[in-house]
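Single-structure report; data block below.
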Amino acid sequence: MDAQAFLLQLLTGLSRAAILFIVAAGLSLVFGALRIVNVAHGSFFMVGAFVAATIMRSVEGLAGLLLAIVAAAAVVAALATFVEVAVLRRLYASEHLLQLLGTFAFVLVFADLVQFFWGAQPRRVVQPEPVGGSVAFGGIIFPKYSLFLIGVALLLALVLWALMTRTSLGRDIRAAVSDPEMLRMVGVDVSLLFTVVFALGGALAAIGGVLVAPQSTARLGMDIDIIVESFAVVIIGGLGSLVGTAIGALLVGLTFTFGIYFYPEAALGIVFVVLIAVLMWRPHGLYGVPER
Amino acid sequence: MGRSATILWALAGLAALVAPAVVDERQVFVLMSVLVLAVFATSFNILLGYTGLVSFAHAAYYGIGAYTVALLAFHFGASPLAGLVLAPFVAAAAAFVTGLVAFRATRLYFALLTLALGQLFFLIAFQWRSVTQGDDGIHGIVLPPFLDPTTTRYYFVLALAAAALVAMGLIMRSPFGATLRAIRENRDRTGFLGIKVSRYELASFTLGGGFAGYAGAMYAIFDRQAFPQLLEWTTSAEPIYVTLIGGLSSFAGPVVGAVVFGLLEDWITRNTEYWRALLGVVLLLIILFLPGGIVEGVKRLVALATGRRLQKGPSAGDVELEEPEAQVSTAGRAS
């Protein structure tokens, strides 16, 4: 592997990590506050990608991408609010398994809804002009869209960090992570807070879906693929930790990309081996804390 | 078993015996898949309902059982019956080894770790072309001539299912089964009694894996094929919702669930393209309104009809009439 190939793989791996971070951050945020592992998170991601496919076909350029992000986030936040209010809210007192299955039931429902509205054919999405194509640095050619994804992920990480540490909503979320009962007692509407967090988590998945669409396609089955990889990310990083999610995303994204380069058949297998090794060493992930 | 439960089992057995006389050939195949699913789901309930473990690797052991039959027949021309004998042991060995890894973690992380371990097995079946034929799978396993007629094959599969269900029923009524239930009810207190909880959990995981492998071998024999999707984690979800539909607090739950799910799935897939959405809605309704599943629903109906209160205390040594509330409250505390 020469320097050019290495840098290109590194960039591809980092852009993969960028998408994984955005999606897994939502998963982790929801788990931190609600203590629910949302299997339907992958469905939100898929809905985001298909909304992007519809919008970016009629609105071109960066405006189309921005509009798609806003629309997908709004659509999915509405869906997530429905899921939380209609079903999950009634399951907080019951066991993990029922919660997990409740969200799994929505995976089945959303998969068919997407097929109903968009059909079974994959949708190609054109990369918007200013961030499409490639750019040359020192004789090496890089795809612009990968650089763009890394930039967006960094920006979102910054926004999330500011949200969690600099706003009253972030303060409430952090309080809910450590003690929802106490938070309720000091007068915060914890039910509403949980709905907001769940919608926010879903919106992150949708944004990930919009951003990934121009790089690959919007297709059925992407919900299951992304959820397995996102699980790997949050398990490695530790559920509920943003820093852990970032590190997990980097580890999974890079392992997967370089794995494909060297051993295409075994790439995902290598990711799982890394995951198992991390859990053998730290049973709650790198930054996770034991379940309460 | 209570008297009414005995009568119900006998009626179910009778219905299974006369079924081939009243249904057509396609439906006999549906019934065979129901029998396989009943054994698969009951093997899963050893972990879920009895020990309180949520595993997403269970399909891996099911698939390993199916591949044991298929690979022996494909590479060595061995009889599927030889594979059937070996399958539970191969699957149990795989479950034992993965169990050693998975039990490093507990509860939620345990569940997610089993997901990763199960996917590893799936990827091996999917990618190791020279041995497993990869995505194509192995089709057209040659059966011994006596199994060629569909009706004979049905009775063979029925006998295999009955043997497995009786074996699992006996094991769950033994002191070993009682210990597993104690672990589910209260892991810590069971440990205080001097019982080595982790060993029992590993034993339960291995036993469930072994019976899953047996169910997989049954599948390979009745459908004469094996393919990677049998090991995928979405297949692991199948016994979970079958158990949920039937009810996880009783031995009969997964069997009832398998019958209902199998027949419903067959009917729905023939009538609509959107069977997943319907299944999802059914699951949601059960999760929200009948967490004890059909078995508990029937018990409530019977109690209502006979005017008696639902029996609250667990009757001694009785697998059938366990207190459904206990399940929910235990689990609530676990979160």
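In the structure tokens, the first chain shown is A, the next is B, and so on; residue numbers restart at 1 for each chain, and ligands run from 1 in the order shown.
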
task: Write out as an MDAnalysis selection string which residues come within 8 Å of region 186-188 of chain A when counting only C-alpha atoms, dropping same-chain ones fewer than 3 positions away.
output: chainID A and resid 172 182:183

task: Give as a list in words every residue of chain A that touches chain B within 7 Å, counting only C-alpha atoms.
output: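 Close to chain B, chain A has Ala93, Ser94, Glu95, His96, Leu98, Gly102, Ala105, Phe106, Leu108, Val109, Asp112, Glu265, Gly269, Phe272, Met280, Pro283 and His284 of chain A.
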
File of the preceding selection, C-alpha atoms, as an mmCIF file, in the first residue's frame:
data_model
loop_
_atom_site.group_PDB
_atom_site.id
_atom_site.type_symbol
_atom_site.label_atom_id
_atom_site.label_comp_id
_atom_site.auth_asym_id
_atom_site.auth_seq_id
_atom_site.Cartn_x
_atom_site.Cartn_y
_atom_site.Cartn_z
ATOM 1 C CA ALA A 93 -41.536 0.397 33.764
ATOM 2 C CA SER A 94 -41.358 -2.990 32.032
ATOM 3 C CA GLU A 95 -38.358 -5.077 31.202
ATOM 4 C CA HIS A 96 -35.610 -4.314 28.682
ATOM 5 C CA LEU A 98 -40.246 -5.619 25.899
ATOM 6 C CA GLY A 102 -41.353 -2.693 20.930
ATOM 7 C CA ALA A 105 -41.786 -4.100 15.913
ATOM 8 C CA PHE A 106 -41.365 -0.612 14.461
ATOM 9 C CA LEU A 108 -40.881 -4.213 10.652
ATOM 10 C CA VAL A 109 -43.557 -1.528 10.271
ATOM 11 C CA ASP A 112 -42.902 -1.910 4.851
ATOM 12 C CA GLU A 265 -14.526 -10.985 2.754
ATOM 13 C CA GLY A 269 -15.963 -9.945 10.843
ATOM 14 C CA PHE A 272 -16.889 -7.822 15.434
ATOM 15 C CA MET A 280 -13.558 -8.809 27.030
ATOM 16 C CA PRO A 283 -17.313 -5.196 29.766
ATOM 17 C CA HIS A 284 -19.130 -1.833 29.636
#

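For the atom pair formed by CA of Ala24 (chain A) and CA of Ser230 (chain A), the distance is 5.2 Å, given to one decimal.
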
query: Which one of B:Tyr219, B:Phe44, B:Phe156, B:Phe192 sits closest to Ala87 (chain B) if you count only C-alpha atoms?
result: B:Tyr219

task: Find the residues around region 191-193 of chain A up to 12 Å (only C-alpha atoms counted), leave out those fewer than 3 positions away in its own chain, and share them as a PyMOL selection string.
output: chain A and resi 30+33-34+81+84-85+88-90+92+168-177+180-181+183-184+187-188+196-200

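Comparing the minimum interatomic distances between Leu11 (chain A) and each of A:Ala78, A:Val51, A:Val228, A:Leu254, counting only C-alpha atoms, we find that A:Leu254 sits nearest.
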
message: What's around Ala125 (chain B) at 10 Å? Count only C-alpha atoms, leave out sequence neighbours fewer than 4 positions away in its own chain, and write the answer as a count of residues only.
response: 21

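CA of Phe146 (chain B) lies 23.0 Å from CA of Pro88 (chain B).
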
- prompt: When distances are computed from only C-alpha atoms, which of A:Ile141, A:Ala218, A:Leu160, A:Val190 shows the smallest separation from Leu29 (chain A)?
  reply: A:Leu160

query: Which of these residues is nearest to Tyr214 (chain B), using only C-alpha atoms: B:Leu290, B:Leu37, B:Ala21, B:Pro175?
result: B:Leu37

- prompt: Which residues in region 130-306 of chain B does DSSP call alpha helix (DSSP H)? List them as a PyMOL selection string.
  reply: chain B and resi 130-132+150-173+175-185+187-192+197-223+233-246+253-271+275-289+293-306

- prompt: Any idea what the distance is between CA of Ala70 (chain B) and CA of Phe89 (chain B)?
  reply: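 CA of Phe89 (chain B) lies 15.3 Å from CA of Ala70 (chain B).
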
- request: Using only C-alpha atoms, determine which residues lie at most 8 Å from Phe211 (chain B), disregarding the query and same-chain residues fewer than 5 positions distant; provide the list as a list in words.
  value: Val39, Phe40, Ser43, Pro88, Ala92 and Ala164 of chain B

message: Residues near Ile226 (chain A), anyone? I mean within 12 Å using only C-alpha atoms, not counting same-chain ones fewer than 4 positions away, as a ChimeraX atom specification.
response: /A:16-17,19-24,27,39-46,49,205-206,208-209,212,219-222,230-233,249,252-253,268

Go ahead and save the picked residues with C-alpha atoms, as a compact mmCIF listing (two decimals), in the first residue's frame.
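Wrote out.txt, looks like this:
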# COMPACT_ATOMS: atom_id res chain seq x y z
CA ARG A 16 -17.43 6.33 7.17
CA ALA A 17 -16.65 7.17 10.81
CA ILE A 19 -21.63 9.01 9.29
CA LEU A 20 -21.37 6.38 12.03
CA PHE A 21 -20.72 9.07 14.62
CA ILE A 22 -23.76 11.12 13.62
CA VAL A 23 -26.07 8.09 13.69
CA ALA A 24 -24.61 6.41 16.76
CA LEU A 27 -28.58 6.08 19.57
CA VAL A 39 -33.51 -0.85 17.21
CA ALA A 40 -35.75 1.34 15.01
CA HIS A 41 -32.92 3.91 14.89
CA GLY A 42 -31.79 2.29 11.63
CA SER A 43 -35.30 2.80 10.24
CA PHE A 44 -35.08 6.53 11.00
CA PHE A 45 -31.78 6.55 9.10
CA MET A 46 -33.40 4.84 6.12
CA ALA A 49 -32.12 8.73 3.06
CA ALA A 205 -30.27 9.30 12.46
CA ALA A 206 -32.25 11.05 9.70
CA GLY A 208 -27.02 10.64 8.83
CA GLY A 209 -29.34 9.07 6.27
CA VAL A 212 -25.05 9.02 3.26
CA ARG A 219 -32.24 1.39 -0.49
CA LEU A 220 -34.25 -1.09 1.53
CA GLY A 221 -32.10 -3.06 3.97
CA MET A 222 -29.87 -0.09 4.84
CA SER A 230 -24.05 1.53 15.13
CA PHE A 231 -24.47 -1.09 17.84
CA ALA A 232 -20.82 -2.00 17.36
CA VAL A 233 -19.90 1.69 17.73
CA ALA A 249 -17.02 5.45 15.32
CA VAL A 252 -15.23 0.88 13.50
CA GLY A 253 -15.03 3.19 10.45
CA LEU A 268 -17.23 -6.85 9.03

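All residues of protein, DNA or RNA that reach within 7 Å of Arg184 (chain B), judged by only C-alpha atoms and not counting those fewer than 4 positions away in the chain, are Tyr50, Thr51, Gly52 and Leu180 of chain B.
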
query: Just asking: which residues within region 22-217 of chain A are strand (DSSP E) according to DSSP, as a PyMOL selection string?
result: chain A and resi 134-137+140-143

Could you turn the residues from that selection into a file that holds N, CA and C atoms, as an mmCIF file, in the first residue's frame?
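Contents of the output file selection.cif:
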data_model
loop_
_atom_site.group_PDB
_atom_site.id
_atom_site.type_symbol
_atom_site.label_atom_id
_atom_site.label_comp_id
_atom_site.auth_asym_id
_atom_site.auth_seq_id
_atom_site.Cartn_x
_atom_site.Cartn_y
_atom_site.Cartn_z
ATOM 1 N N SER A 134 -13.831 15.928 -7.180
ATOM 2 C CA SER A 134 -12.651 15.666 -6.349
ATOM 3 C C SER A 134 -11.734 16.877 -6.338
ATOM 4 N N VAL A 135 -10.801 16.869 -5.410
ATOM 5 C CA VAL A 135 -9.878 17.984 -5.262
ATOM 6 C C VAL A 135 -8.474 17.389 -5.090
ATOM 7 N N ALA A 136 -7.459 18.079 -5.639
ATOM 8 C CA ALA A 136 -6.094 17.545 -5.561
ATOM 9 C C ALA A 136 -5.259 18.317 -4.542
ATOM 10 N N PHE A 137 -4.580 17.562 -3.682
ATOM 11 C CA PHE A 137 -3.634 18.141 -2.716
ATOM 12 C C PHE A 137 -2.293 17.482 -2.941
ATOM 13 N N ILE A 140 -2.187 14.328 -4.890
ATOM 14 C CA ILE A 140 -3.097 13.238 -4.514
ATOM 15 C C ILE A 140 -4.536 13.722 -4.661
ATOM 16 N N ILE A 141 -5.365 12.882 -5.282
ATOM 17 C CA ILE A 141 -6.743 13.298 -5.554
ATOM 18 C C ILE A 141 -7.690 12.761 -4.483
ATOM 19 N N PHE A 142 -8.438 13.666 -3.863
ATOM 20 C CA PHE A 142 -9.394 13.259 -2.830
ATOM 21 C C PHE A 142 -10.823 13.539 -3.281
ATOM 22 N N PRO A 143 -11.773 12.645 -2.959
ATOM 23 C CA PRO A 143 -13.176 12.965 -3.223
ATOM 24 C C PRO A 143 -13.634 14.063 -2.264
#

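Closest approach to Glu296 (chain B) among B:Thr269, B:Asn45, B:Ser250, B:Thr243 is made by B:Ser250 (distances from only C-alpha atoms).
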